[in-house]
file my_file_38.txt (compact mmCIF, C-alpha atoms)
# COMPACT_ATOMS: atom_id res chain seq x y z
CA MET A 20 -27.67 0.05 31.93
CA LYS A 21 -27.70 -3.49 33.35
CA SER A 22 -28.78 -4.90 29.98
CA ILE A 23 -26.05 -2.93 28.20
CA LEU A 24 -23.37 -4.22 30.58
CA ILE A 25 -24.54 -7.82 30.21
CA SER A 26 -24.51 -7.47 26.42
CA ALA A 27 -21.05 -5.91 26.47
CA PHE A 28 -19.57 -8.67 28.63
CA ALA A 29 -21.24 -11.31 26.45
CA LEU A 30 -19.71 -9.74 23.33
CA ILE A 31 -16.26 -9.57 24.93
CA GLY A 32 -16.57 -13.21 25.96
CA ALA A 33 -17.62 -14.27 22.48
CA ILE A 34 -14.71 -12.41 20.91
CA THR A 35 -12.26 -13.90 23.42
CA ILE A 36 -13.48 -17.44 22.78
CA GLY A 37 -13.49 -16.98 19.01
CA GLN A 38 -10.17 -15.10 18.79
CA ALA A 39 -8.02 -16.94 16.24
CA GLN A 40 -4.24 -16.63 16.24
CA GLN A 41 -4.02 -17.79 12.63
CA LEU A 42 -6.65 -17.90 9.93
CA PRO A 43 -6.35 -20.04 6.80
CA ASN A 44 -5.24 -18.36 3.56
CA TRP A 45 -4.42 -15.16 5.43
CA ARG A 46 -1.40 -12.86 5.69
CA PRO A 47 -0.31 -12.24 9.31
CA TYR A 48 0.12 -8.64 10.42
CA ASP A 49 3.31 -9.41 12.35
CA LYS A 50 6.83 -10.32 11.19
CA ASN A 51 5.53 -13.63 9.83
CA GLY A 52 3.80 -11.63 7.08
CA LEU A 53 7.04 -10.21 5.65
CA ASN A 54 7.62 -10.90 1.96
CA MET A 55 4.15 -12.35 1.50
CA PHE A 56 2.26 -11.03 -1.47
CA GLU A 57 -1.04 -12.63 -2.45
CA PRO A 58 -2.47 -14.66 0.48
CA PRO A 59 -1.19 -18.25 0.51
CA LYS A 60 -3.43 -20.86 -1.06
CA ASP A 61 -4.02 -23.78 1.33
CA THR A 62 -7.25 -25.70 1.01
CA ALA A 63 -6.25 -28.38 3.57
CA THR A 64 -8.33 -26.74 6.32
CA THR A 65 -11.21 -27.75 8.51
CA PHE A 66 -14.06 -25.57 9.75
CA LYS A 67 -15.66 -25.96 13.16
CA ASP A 68 -17.23 -22.61 13.94
CA VAL A 69 -17.00 -18.91 13.16
CA ARG A 70 -13.63 -17.59 14.30
CA VAL A 71 -12.82 -13.92 14.77
CA LYS A 72 -9.39 -12.34 14.91
CA VAL A 73 -9.33 -8.79 16.25
CA GLY A 74 -6.11 -7.08 15.24
CA GLY A 75 -4.66 -3.63 15.00
CA ALA A 76 -1.65 -1.49 14.25
CA PHE A 77 -0.10 1.67 15.65
CA ALA A 78 2.65 3.86 14.21
CA LEU A 79 4.40 7.00 15.40
CA GLN A 80 7.17 8.98 13.71
CA TYR A 81 9.70 11.53 14.88
CA GLN A 82 10.52 13.72 11.88
CA ALA A 83 13.68 15.81 11.43
CA LEU A 84 13.51 17.05 7.83
CA ASP A 85 14.59 20.24 6.07
CA HIS A 86 13.35 21.54 2.72
CA GLU A 87 14.23 24.34 0.30
CA ASN A 88 13.43 25.64 -3.18
CA ASN A 89 14.34 28.47 -5.56
CA ALA A 90 10.92 29.40 -6.92
CA THR A 91 9.82 32.82 -8.11
CA PRO A 92 7.39 34.49 -5.67
CA VAL A 93 3.76 34.18 -6.75
CA LEU A 94 1.31 36.38 -4.81
CA VAL A 95 -2.31 35.34 -4.34
CA ASN A 96 -4.33 37.58 -1.99
CA ASN A 97 -0.99 39.00 -0.74
CA VAL A 98 0.25 35.49 0.13
CA ASN A 99 3.36 34.10 -1.55
CA THR A 100 2.16 30.66 -2.65
CA THR A 101 5.68 29.44 -3.54
CA GLU A 102 7.16 30.18 -0.10
CA LEU A 103 7.79 26.98 1.85
CA ILE A 104 6.23 26.48 5.25
CA ALA A 105 8.63 26.43 8.19
CA ILE A 106 9.08 22.91 9.57
CA GLY A 107 10.99 21.73 12.62
CA ASN A 108 11.85 18.52 14.45
CA ASN A 109 8.98 16.87 16.27
CA PHE A 110 6.50 13.99 16.40
CA ASN A 111 3.78 13.48 13.80
CA LEU A 112 0.20 12.49 14.50
CA ALA A 113 0.08 8.90 15.73
CA THR A 114 -1.86 6.63 13.36
CA ALA A 115 -3.95 3.58 14.24
CA ASN A 116 -5.78 0.75 12.45
CA LEU A 117 -8.43 -1.71 13.60
CA ASP A 118 -8.69 -5.04 11.76
CA LEU A 119 -11.43 -7.62 11.90
CA ASP A 120 -10.64 -10.92 10.16
CA VAL A 121 -13.30 -13.61 10.34
CA GLU A 122 -13.44 -17.22 9.21
CA LEU A 123 -17.13 -17.31 8.27
CA TYR A 124 -17.30 -20.79 6.79
CA ASP A 125 -15.06 -23.50 5.41
CA GLY A 126 -13.05 -21.62 2.76
CA ILE A 127 -14.68 -18.20 3.30
CA ASN A 128 -12.88 -15.37 5.11
CA LEU A 129 -13.91 -11.77 5.75
CA HIS A 130 -11.52 -8.83 6.15
CA LEU A 131 -12.45 -5.33 7.34
CA ARG A 132 -10.00 -2.50 8.09
CA THR A 133 -10.85 0.76 9.83
CA TYR A 134 -8.49 3.72 10.11
CA LEU A 135 -8.95 4.95 13.66
CA SER A 136 -6.56 7.85 13.12
CA SER A 137 -4.79 9.00 9.95
CA ARG A 138 -3.17 12.11 8.55
CA HIS A 139 -5.89 12.84 6.01
CA HIS A 140 -8.82 11.78 8.18
CA PRO A 141 -8.14 12.24 11.92
CA GLU A 142 -11.60 10.77 12.59
CA PRO A 143 -12.23 7.00 12.26
CA TYR A 144 -13.48 5.70 8.93
CA VAL A 145 -13.58 2.39 7.09
CA LYS A 146 -10.79 1.85 4.56
CA GLY A 147 -12.49 -1.16 2.97
CA GLY A 148 -13.27 -4.83 3.21
CA TYR A 149 -13.81 -7.96 1.20
CA ILE A 150 -14.88 -11.60 1.24
CA GLN A 151 -12.27 -14.14 0.16
CA ILE A 152 -13.55 -17.46 -1.17
CA ASP A 153 -11.18 -20.44 -1.37
CA LYS A 154 -13.81 -23.19 -1.37
CA LEU A 155 -17.36 -23.49 -2.74
CA ASN A 156 -18.65 -25.91 -0.12
CA PHE A 157 -21.38 -23.41 0.77
CA ILE A 158 -22.99 -24.33 -2.58
CA ARG A 159 -22.51 -28.05 -2.17
CA GLN A 160 -19.92 -30.13 -0.36
CA GLY A 161 -17.02 -30.70 -2.74
CA PHE A 162 -18.43 -28.37 -5.43
CA LEU A 163 -15.67 -27.70 -8.04
CA GLU A 164 -13.21 -29.08 -5.51
CA GLU A 165 -10.40 -29.72 -8.00
CA THR A 166 -10.70 -26.23 -9.49
CA MET A 167 -10.80 -24.49 -6.11
CA LYS A 168 -7.54 -26.17 -5.07
CA TYR A 169 -5.88 -23.49 -7.17
CA MET A 170 -8.47 -20.72 -7.41
CA THR A 171 -9.33 -17.82 -5.08
CA ILE A 172 -12.13 -15.25 -5.46
CA LYS A 173 -12.14 -11.86 -3.73
CA ILE A 174 -15.16 -9.55 -3.78
CA GLY A 175 -15.58 -6.22 -2.00
CA HIS A 176 -14.73 -2.53 -1.72
CA MET A 177 -11.07 -3.27 -1.34
CA GLU A 178 -7.44 -2.49 -2.01
CA ASN A 179 -6.98 -3.53 -5.62
CA ASN A 180 -4.13 -5.82 -6.63
CA TYR A 181 -2.17 -3.76 -9.14
CA GLY A 182 1.58 -4.40 -8.94
CA ASP A 183 3.55 -5.81 -6.02
CA ALA A 184 4.68 -2.56 -4.39
CA HIS A 185 1.37 -2.19 -2.52
CA PHE A 186 2.17 -5.38 -0.58
CA ARG A 187 5.29 -3.66 0.85
CA ARG A 188 3.86 -0.19 1.45
CA SER A 189 2.72 1.36 4.72
CA ASP A 190 -1.07 1.21 4.94
CA ASN A 191 -1.66 3.97 7.47
CA ALA A 192 -0.55 2.39 10.77
CA LEU A 193 0.31 -1.01 9.25
CA ALA A 194 3.92 -0.03 8.51
CA LEU A 195 5.59 -3.28 9.55
CA TYR A 196 5.89 -4.69 6.00
CA ASN A 197 7.64 -1.53 4.75
CA PRO A 198 11.41 -1.62 5.44
CA PHE A 199 11.52 2.18 5.10
CA VAL A 200 9.30 4.98 6.37
CA GLY A 201 7.91 6.46 3.14
CA ASN A 202 6.10 4.76 0.27
CA TYR A 203 7.14 5.15 -3.37
CA ILE A 204 7.06 8.63 -4.94
CA MET A 205 4.25 7.67 -7.34
CA ASP A 206 2.19 5.61 -4.91
CA ALA A 207 -0.07 3.18 -6.79
CA PHE A 208 -2.90 2.49 -4.36
CA THR A 209 -6.67 2.68 -4.61
CA THR A 210 -9.79 1.05 -3.16
CA GLU A 211 -12.66 0.35 -5.56
CA VAL A 212 -15.67 -1.95 -5.60
CA GLY A 213 -14.94 -5.03 -7.66
CA ALA A 214 -13.86 -8.64 -7.86
CA GLU A 215 -10.58 -10.47 -8.46
CA VAL A 216 -10.09 -14.10 -9.48
CA TYR A 217 -6.73 -15.80 -8.80
CA TYR A 218 -5.21 -19.02 -10.09
CA GLN A 219 -2.07 -20.25 -8.28
CA ARG A 220 -0.35 -23.52 -9.17
CA ASN A 221 3.23 -24.78 -8.99
CA GLY A 222 4.57 -21.25 -8.50
CA TRP A 223 2.56 -19.72 -11.34
CA LEU A 224 0.14 -16.90 -10.57
CA ALA A 225 -2.60 -15.41 -12.75
CA MET A 226 -5.16 -12.79 -11.72
CA VAL A 227 -7.95 -11.03 -13.56
CA GLY A 228 -10.03 -8.33 -11.91
CA ALA A 229 -12.59 -5.63 -12.61
CA THR A 230 -13.95 -2.71 -10.59
CA ASN A 231 -16.53 0.01 -11.10
CA GLY A 232 -13.67 2.54 -11.34
CA LYS A 233 -14.88 4.64 -8.40
CA LEU A 234 -13.26 5.28 -5.04
CA ASN A 235 -16.14 7.40 -3.73
CA GLN A 236 -19.25 5.32 -4.35
CA GLY A 237 -22.60 6.64 -5.53
CA THR A 238 -25.28 6.30 -8.19
CA ASN A 239 -24.95 9.91 -9.37
CA ASN A 240 -23.10 10.94 -12.55
CA PRO A 241 -24.07 7.81 -14.50
CA GLY A 242 -22.00 6.97 -17.57
CA LYS A 243 -19.10 9.27 -16.67
CA THR A 244 -16.86 6.48 -15.31
CA SER A 245 -16.18 3.20 -17.06
CA PRO A 246 -15.13 0.00 -15.26
CA SER A 247 -11.44 -0.52 -14.54
CA THR A 248 -9.75 -3.77 -15.51
CA MET A 249 -6.70 -5.41 -13.93
CA LEU A 250 -4.45 -8.26 -14.97
CA LYS A 251 -1.48 -9.88 -13.26
CA LEU A 252 0.76 -12.73 -14.34
CA GLY A 253 3.76 -14.02 -12.44
CA TYR A 254 5.95 -16.76 -11.09
CA ASP A 255 6.90 -17.14 -7.42
CA LYS A 256 8.96 -20.11 -6.28
CA GLN A 257 11.09 -21.08 -3.30
CA ILE A 258 13.78 -22.75 -5.37
CA ASN A 259 15.57 -24.18 -2.32
CA ASP A 260 16.02 -23.37 1.37
CA ASP A 261 18.21 -20.35 0.55
CA PHE A 262 16.85 -18.96 -2.71
CA ARG A 263 13.46 -17.52 -3.68
CA PHE A 264 12.55 -15.98 -7.03
CA ARG A 265 9.45 -13.97 -7.95
CA LEU A 266 8.62 -11.98 -11.07
CA THR A 267 5.24 -10.41 -11.87
CA GLY A 268 3.73 -8.10 -14.46
CA SER A 269 0.55 -6.11 -13.83
CA LEU A 270 -1.87 -3.99 -15.86
CA TYR A 271 -4.47 -1.43 -14.73
CA HIS A 272 -6.71 0.28 -17.31
CA THR A 273 -9.52 2.84 -17.13
CA ALA A 274 -10.97 3.94 -20.49
CA HIS A 275 -12.65 7.07 -19.13
CA SER A 276 -13.48 8.40 -15.70
CA GLN A 277 -14.84 11.41 -13.87
CA ARG A 278 -11.71 11.03 -11.75
CA THR A 279 -9.13 8.26 -11.54
CA TYR A 280 -7.61 7.50 -8.14
CA LEU A 281 -4.78 5.04 -8.77
CA TYR A 282 -2.12 7.58 -7.76
CA GLY A 283 -4.29 9.67 -5.47
CA GLY A 284 -6.28 7.07 -3.58
CA ASP A 285 -4.35 6.95 -0.30
CA ARG A 286 -6.57 8.80 2.15
CA ALA A 287 -4.13 8.04 4.98
CA GLY A 288 -1.45 10.39 3.62
CA SER A 289 2.28 10.65 3.04
CA ARG A 290 4.76 9.92 5.84
CA TYR A 291 6.75 13.11 5.10
CA TYR A 292 4.65 15.79 6.74
CA PHE A 293 4.60 19.33 5.24
CA VAL A 294 7.64 18.87 2.96
CA MET A 295 7.55 21.14 -0.12
CA GLU A 296 4.25 22.71 0.99
CA ASN A 297 3.53 26.44 1.19
CA THR A 298 2.84 28.54 4.27
CA THR A 299 -0.92 27.87 4.20
CA ALA A 300 -0.54 24.07 4.30
CA THR A 301 -2.38 21.90 6.80
CA SER A 302 -1.54 18.28 7.62
CA LYS A 303 -5.07 17.13 6.75
CA ASP A 304 -5.55 18.92 3.42
CA ASN A 305 -1.96 18.71 2.13
CA TYR A 306 -1.67 15.00 2.78
CA SER A 307 0.35 14.07 -0.35
CA SER A 308 3.57 15.87 0.64
CA GLY A 309 6.56 14.47 -1.21
CA LEU A 310 4.45 12.40 -3.61
CA ILE A 311 3.96 12.87 -7.35
CA VAL A 312 0.41 12.57 -8.69
CA PRO A 313 0.52 12.55 -12.52
CA GLY A 314 -2.99 13.99 -12.85
CA PHE A 315 -4.47 11.44 -15.25
CA THR A 316 -8.00 12.15 -14.07
CA ASN A 317 -9.91 11.14 -17.23
CA GLU A 318 -8.20 8.01 -18.57
CA LEU A 319 -5.27 5.90 -17.46
CA THR A 320 -3.27 2.85 -18.46
CA ALA A 321 -0.51 1.59 -16.15
CA ILE A 322 1.90 -1.32 -16.40
CA MET A 323 4.19 -2.43 -13.56
CA ILE A 324 6.88 -5.12 -13.50
CA ASN A 325 8.25 -6.32 -10.15
CA PRO A 326 11.17 -8.70 -9.58
CA PHE A 327 11.79 -10.05 -6.08
CA ILE A 328 14.88 -12.11 -5.23
CA ARG A 329 15.95 -13.40 -1.85
CA TYR A 330 19.12 -15.34 -1.13
CA LYS A 331 19.66 -16.17 2.52
CA GLY A 332 19.52 -12.76 4.22
CA ILE A 333 19.97 -10.68 1.07
CA GLU A 334 16.78 -9.30 -0.43
CA PHE A 335 16.12 -7.35 -3.65
CA PHE A 336 12.82 -5.81 -4.75
CA GLY A 337 12.48 -3.92 -8.00
CA LEU A 338 9.86 -1.76 -9.69
CA VAL A 339 9.57 -0.62 -13.31
CA GLU A 340 6.36 1.23 -14.13
CA LYS A 341 5.02 2.97 -17.21
CA THR A 342 1.77 4.92 -17.02
CA SER A 343 -0.01 7.10 -19.55
CA GLY A 344 -3.27 9.02 -19.64
CA LYS A 345 -4.81 12.44 -19.69
CA ALA A 346 -6.96 14.82 -17.71
CA THR A 347 -10.49 15.78 -18.71
CA ALA A 348 -9.51 18.94 -20.60
CA GLU A 349 -6.51 17.39 -22.36
CA THR A 350 -6.59 16.08 -25.92
CA ASP A 351 -3.21 14.32 -25.95
CA THR A 352 -1.96 11.65 -23.58
CA ARG A 353 1.07 12.15 -21.33
CA ASP A 354 3.50 9.59 -19.94
CA PHE A 355 5.22 8.99 -16.62
CA THR A 356 7.90 6.42 -15.82
CA GLN A 357 8.86 5.17 -12.36
CA ILE A 358 11.87 3.07 -11.38
CA GLY A 359 12.53 1.66 -7.93
CA ALA A 360 15.09 -0.68 -6.41
CA GLU A 361 15.46 -1.90 -2.82
CA LEU A 362 18.42 -3.87 -1.48
CA LEU A 363 18.24 -5.19 2.10
CA TYR A 364 20.30 -7.42 4.33
CA ARG A 365 18.48 -9.15 7.18
CA PHE A 366 20.61 -10.61 9.95
CA GLY A 367 20.79 -11.37 13.66
CA LYS A 368 18.74 -13.79 15.69
CA ASN A 369 15.76 -14.83 13.55
CA GLU A 370 16.73 -11.99 11.19
CA ASN A 371 15.42 -9.43 13.66
CA LEU A 372 17.77 -6.74 12.28
CA TYR A 373 18.11 -5.29 8.80
CA VAL A 374 19.89 -2.51 6.91
CA GLY A 375 19.32 -1.36 3.36
CA GLY A 376 18.75 1.30 0.77
CA ARG A 377 16.15 2.29 -1.81
CA TYR A 378 16.47 4.22 -5.07
CA ASN A 379 13.32 5.75 -6.57
CA ASN A 380 12.96 7.93 -9.67
CA VAL A 381 9.90 9.38 -11.40
CA SER A 382 10.01 11.28 -14.70
CA GLY A 383 7.26 12.54 -16.98
CA GLU A 384 5.30 15.45 -18.40
CA THR A 385 3.01 17.49 -16.17
CA ARG A 386 -0.22 19.20 -17.25
CA ALA A 387 1.76 22.46 -17.39
CA GLY A 388 4.09 20.97 -20.02
CA GLU A 389 7.04 20.55 -17.64
CA ASP A 390 9.40 17.64 -18.25
CA VAL A 391 10.12 16.79 -14.64
CA ASP A 392 12.48 14.38 -12.93
CA VAL A 393 12.22 13.52 -9.22
CA THR A 394 14.78 11.32 -7.45
CA ARG A 395 14.76 9.93 -3.92
CA PHE A 396 17.33 7.95 -1.96
CA ASN A 397 16.51 6.18 1.30
CA PHE A 398 19.06 4.60 3.63
CA GLY A 399 18.14 3.00 6.91
CA GLY A 400 17.54 -0.02 9.04
CA GLY A 401 15.27 -1.61 11.56
CA TRP A 402 15.05 -3.75 14.66
CA PHE A 403 12.25 -6.23 15.35
CA MET A 404 12.20 -6.12 19.12
CA THR A 405 9.51 -8.81 18.93
CA LYS A 406 7.59 -10.16 15.96
CA ASN A 407 4.96 -7.47 16.65
CA VAL A 408 7.18 -4.47 17.47
CA LEU A 409 9.48 -2.75 14.97
CA ALA A 410 11.70 0.31 15.37
CA LYS A 411 13.20 1.77 12.19
CA ILE A 412 15.16 4.82 11.13
CA GLU A 413 15.93 6.20 7.71
CA TYR A 414 17.74 9.05 5.99
CA VAL A 415 15.81 10.39 2.99
CA ASN A 416 16.99 12.76 0.25
CA GLN A 417 14.60 13.84 -2.52
CA LYS A 418 15.31 16.32 -5.34
CA TYR A 419 13.03 17.94 -7.95
CA ASP A 420 14.21 18.95 -11.44
CA GLY A 421 12.41 20.42 -14.46
CA TYR A 422 9.68 22.40 -12.72
CA ASN A 423 8.91 25.95 -13.91
CA ALA A 424 10.28 28.88 -11.93
CA ASN A 425 6.79 29.81 -10.66
CA ASN A 426 6.22 26.29 -9.31
CA ILE A 427 6.88 25.72 -5.61
CA LEU A 428 8.86 22.59 -6.55
CA HIS A 429 11.36 24.55 -8.71
CA ASP A 430 14.88 23.45 -7.70
CA GLY A 431 13.28 21.89 -4.65
CA LYS A 432 14.67 19.30 -2.29
CA PHE A 433 14.12 17.87 1.16
CA ASN A 434 16.30 15.64 3.31
CA GLY A 435 16.85 14.47 6.84
CA PHE A 436 16.02 11.67 9.24
CA VAL A 437 12.76 10.02 10.25
CA PHE A 438 12.38 7.54 13.10
CA GLU A 439 9.29 5.32 13.21
CA ALA A 440 7.95 2.94 15.86
CA VAL A 441 5.42 0.33 14.72
CA ILE A 442 3.22 -2.12 16.63
CA SER A 443 1.13 -4.60 14.67
CA PHE A 444 -0.82 -7.70 15.70
call {"tool": "encode", "arguments": {"input": "my_file_38.txt", "output": "C-alpha cells"}}
result
Amino acid sequence: MKSILISAFALIGAITIGQAQQLPNWRPYDKNGLNMFEPPKDTATTFKDVRVKVGGAFALQYQALDHENNATPVLVNNVNTTELIAIGNNFNLATANLDLDVELYDGINLHLRTYLSSRHHPEPYVKGGYIQIDKLNFIRQGFLEETMKYMTIKIGHMENNYGDAHFRRSDNALALYNPFVGNYIMDAFTTEVGAEVYYQRNGWLAMVGATNGKLNQGTNNPGKTSPSTMLKLGYDKQINDDFRFRLTGSLYHTAHSQRTYLYGGDRAGSRYYFVMENTTATSKDNYSSGLIVPGFTNELTAIMINPFIRYKGIEFFGLVEKTSGKATAETDTRDFTQIGAELLYRFGKNENLYVGGRYNNVSGETRAGEDVDVTRFNFGGGWFMTKNVLAKIEYVNQKYDGYNANNILHDGKFNGFVFEAVISF
C-alpha cells in the first residue's frame, strides 16, 4: 500500500508539472476552439520536454419533448411495435469525456479520448486516438523542413475528416462547439484505422486519407471490407478583421464492406432520447433516436460541400450532401440528399451570448422503397458563463413524411424544448 501511494503521488506530481495550457497545432476544448476546423498549422514551436494536458468534458440535458405518429398497429408477440413509448420531462443521463493530449516531441502530438459515460455505452471505453506529425525532426533535424511547413500527417484509430459538420457536432460530452443540442439528422461520423495527409498554405487546404474501412477492428472476415478513401479540398481565409470565408468539398468512398459505419458510427448516441421509439425501447439499445441512417451497409459514396461565412458577429454554416450506396442484398443503388443551414448572431461581452436557427432536411429512398422526407427546425441560444462553461436552450421540431403506414415513423413528428449545460476544459 505504501508503494502504491508513493507511485500515485509521483504520477500526480508529474502530471501537474507537465500540464500544458496550450499545445502547438491543437484545437482548444474551450470557447477558443469555436469555428476551428482542421488544427492550425504553426511550425514556429520549440520543444523542451514531454508535456501532458489532461482535459475533459461534461454535459447534462433537461428534455421536454413530445412525439406522435399515425401508424397502423403491427403486432409482434402481442406487442404493438408501432406504438410510441411514453416520454415525459426530465433529465437525461449525464455524459463525460476524458482527454489526454501530449506533446511527445518537437512537432509530434498525441490525442486520446475516452468516453467515461455515454448513452450507448454507460461504461467507460476509448473512442479513439491518433498521432499528429507536423515536423520530421525525429528522423533528422530539419528533415524536409520546407515541406513540413505546410504538411501535417495524422495516423491512428480516429475520427475521420469527412466534411466540416463533424467539427461542429457534439462528441458525446464535448458539446461546446455545437451551437444547438442535436447533431444533424444524417450524422456523418465514424472512427476507423487509417492515415490522413494535409497540405495547408495561404488559405488553401488539401487532404487525402485512407482507412481500413472498419469501425470494429479484427482480422476475421478477410476480404469482405475494402479500404475507404477520403478527399478534401477547400479555401479558408480571414479576409480582414471582420470577414472570414471558408468553402470545402469532401469525398468518402467505400467500394464494398461487410458493414459501413459513416452514418451509424456514433456510439455515444443521439441527444433526443426515446423520440419516435416504440414501447420496448431502451436508452442504450435505441441510441439513434431522431436520426436517419440510410442503410448503405455494403457500399457507399458520399460528397459534402460546406460553406462557412462570418462577418463580425454574424455566422453562417451550410451543408449540402449527396450520398449513394446499397445494402448487401440490394442490386441497385439508392440515393439520399441532406441540406443544412445555420445562421447565428454572437454578441455581448467577448461574444459570450448567441442566438440562432438551423434548418435541416433529409430525403431519399429507404430499403423498403419509401420515398421519405424528414425536416427539422432548431431555434435557440446560448450563454458562455466562462470560456469553459456553456448553457444553451433550443426548440426543436422534426417531421417525417413518406413512410409506409406500418412504419412507426408514418406521419410522425416530435417537438419541444431541450436545455443543455456543458463544461469543457
call {"tool": "atom_distance", "arguments": {"input": "my_file_38.txt", "atom1": "atom CA of Asn397 of chain A", "atom2": "atom CA of Asn380 of chain A"}}
result
11.7 Å
call {"tool": "closest_residue", "arguments": {"input": "my_file_38.txt", "among": "A:Pro246, A:Gly288, A:Pro313, A:Pro47", "to": "Tyr134 of chain A", "atoms": "only C-alpha atoms"}}
result
A:Gly288
call {"tool": "residues_around", "arguments": {"input": "my_file_38.txt", "residues": "Glu211 of chain A", "least_positions_apart": "3", "cutoff": "6 Å", "atoms": "all atoms listed in the file", "output": "short mmCIF file (atom, residue, chain, number, x, y, z; two decimals) with C-alpha atoms, in the coordinates of the input"}}
result
data_model
loop_
_atom_site.label_atom_id
_atom_site.label_comp_id
_atom_site.auth_asym_id
_atom_site.auth_seq_id
_atom_site.Cartn_x
_atom_site.Cartn_y
_atom_site.Cartn_z
CA HIS A 176 -14.73 -2.53 -1.72
CA MET A 177 -11.07 -3.27 -1.34
CA LYS A 233 -14.88 4.64 -8.40
CA LEU A 234 -13.26 5.28 -5.04
#
call {"tool": "residues_around", "arguments": {"input": "my_file_38.txt", "residues": "segment 409-418 of chain A", "least_positions_apart": "4", "cutoff": "8 Å", "atoms": "only C-alpha atoms", "output": "ChimeraX atom specification"}}
result
/A:195,198-200,393-405,430-442
call {"tool": "atom_distance", "arguments": {"input": "my_file_38.txt", "atom1": "atom CA of Arg159 of chain A", "atom2": "atom CA of Gln41 of chain A"}}
result
25.8 Å
call {"tool": "closest_residue", "arguments": {"input": "my_file_38.txt", "among": "A:Val294, A:His130, A:Gly421, A:Thr342", "to": "Val145 of chain A", "atoms": "all atoms listed in the file"}}
result
A:His130
call {"tool": "atom_distance", "arguments": {"input": "my_file_38.txt", "atom1": "atom CA of Gly147 of chain A", "atom2": "atom CA of Phe208 of chain A"}}
result
12.6 Å
call {"tool": "closest_residue", "arguments": {"input": "my_file_38.txt", "among": "A:Thr267, A:Ser382, A:Ser443, A:Gln257", "to": "Ala192 of chain A", "atoms": "only C-alpha atoms"}}
result
A:Ser443
call {"tool": "residues_near_point", "arguments": {"input": "my_file_38.txt", "point": "(-10.9, -19.1, -4.7)", "cutoff": "8 Å", "atoms": "all atoms listed in the file", "output": "number ranges by chain"}}
result
A: 151-154, 167-173, 216-218
call {"tool": "write_last_selection", "arguments": {"input": "my_file_38.txt", "atoms": "C-alpha atoms", "output": "PDB file, in the frame of the given file"}}
result
ATOM      1  CA  GLN A 151     -12.270 -14.140   0.160  1.00  0.00           C
ATOM      2  CA  ILE A 152     -13.550 -17.460  -1.170  1.00  0.00           C
ATOM      3  CA  ASP A 153     -11.180 -20.440  -1.370  1.00  0.00           C
ATOM      4  CA  LYS A 154     -13.810 -23.190  -1.370  1.00  0.00           C
ATOM      5  CA  MET A 167     -10.800 -24.490  -6.110  1.00  0.00           C
ATOM      6  CA  LYS A 168      -7.540 -26.170  -5.070  1.00  0.00           C
ATOM      7  CA  TYR A 169      -5.880 -23.490  -7.170  1.00  0.00           C
ATOM      8  CA  MET A 170      -8.470 -20.720  -7.410  1.00  0.00           C
ATOM      9  CA  THR A 171      -9.330 -17.820  -5.080  1.00  0.00           C
ATOM     10  CA  ILE A 172     -12.130 -15.250  -5.460  1.00  0.00           C
ATOM     11  CA  LYS A 173     -12.140 -11.860  -3.730  1.00  0.00           C
ATOM     12  CA  VAL A 216     -10.090 -14.100  -9.480  1.00  0.00           C
ATOM     13  CA  TYR A 217      -6.730 -15.800  -8.800  1.00  0.00           C
ATOM     14  CA  TYR A 218      -5.210 -19.020 -10.090  1.00  0.00           C
TER      15      TYR A 218
END
call {"tool": "closest_residue", "arguments": {"input": "my_file_38.txt", "among": "A:Phe327, A:Ser245, A:Gln357, A:Arg386", "to": "Gly314 of chain A", "atoms": "all atoms listed in the file"}}
result
A:Arg386
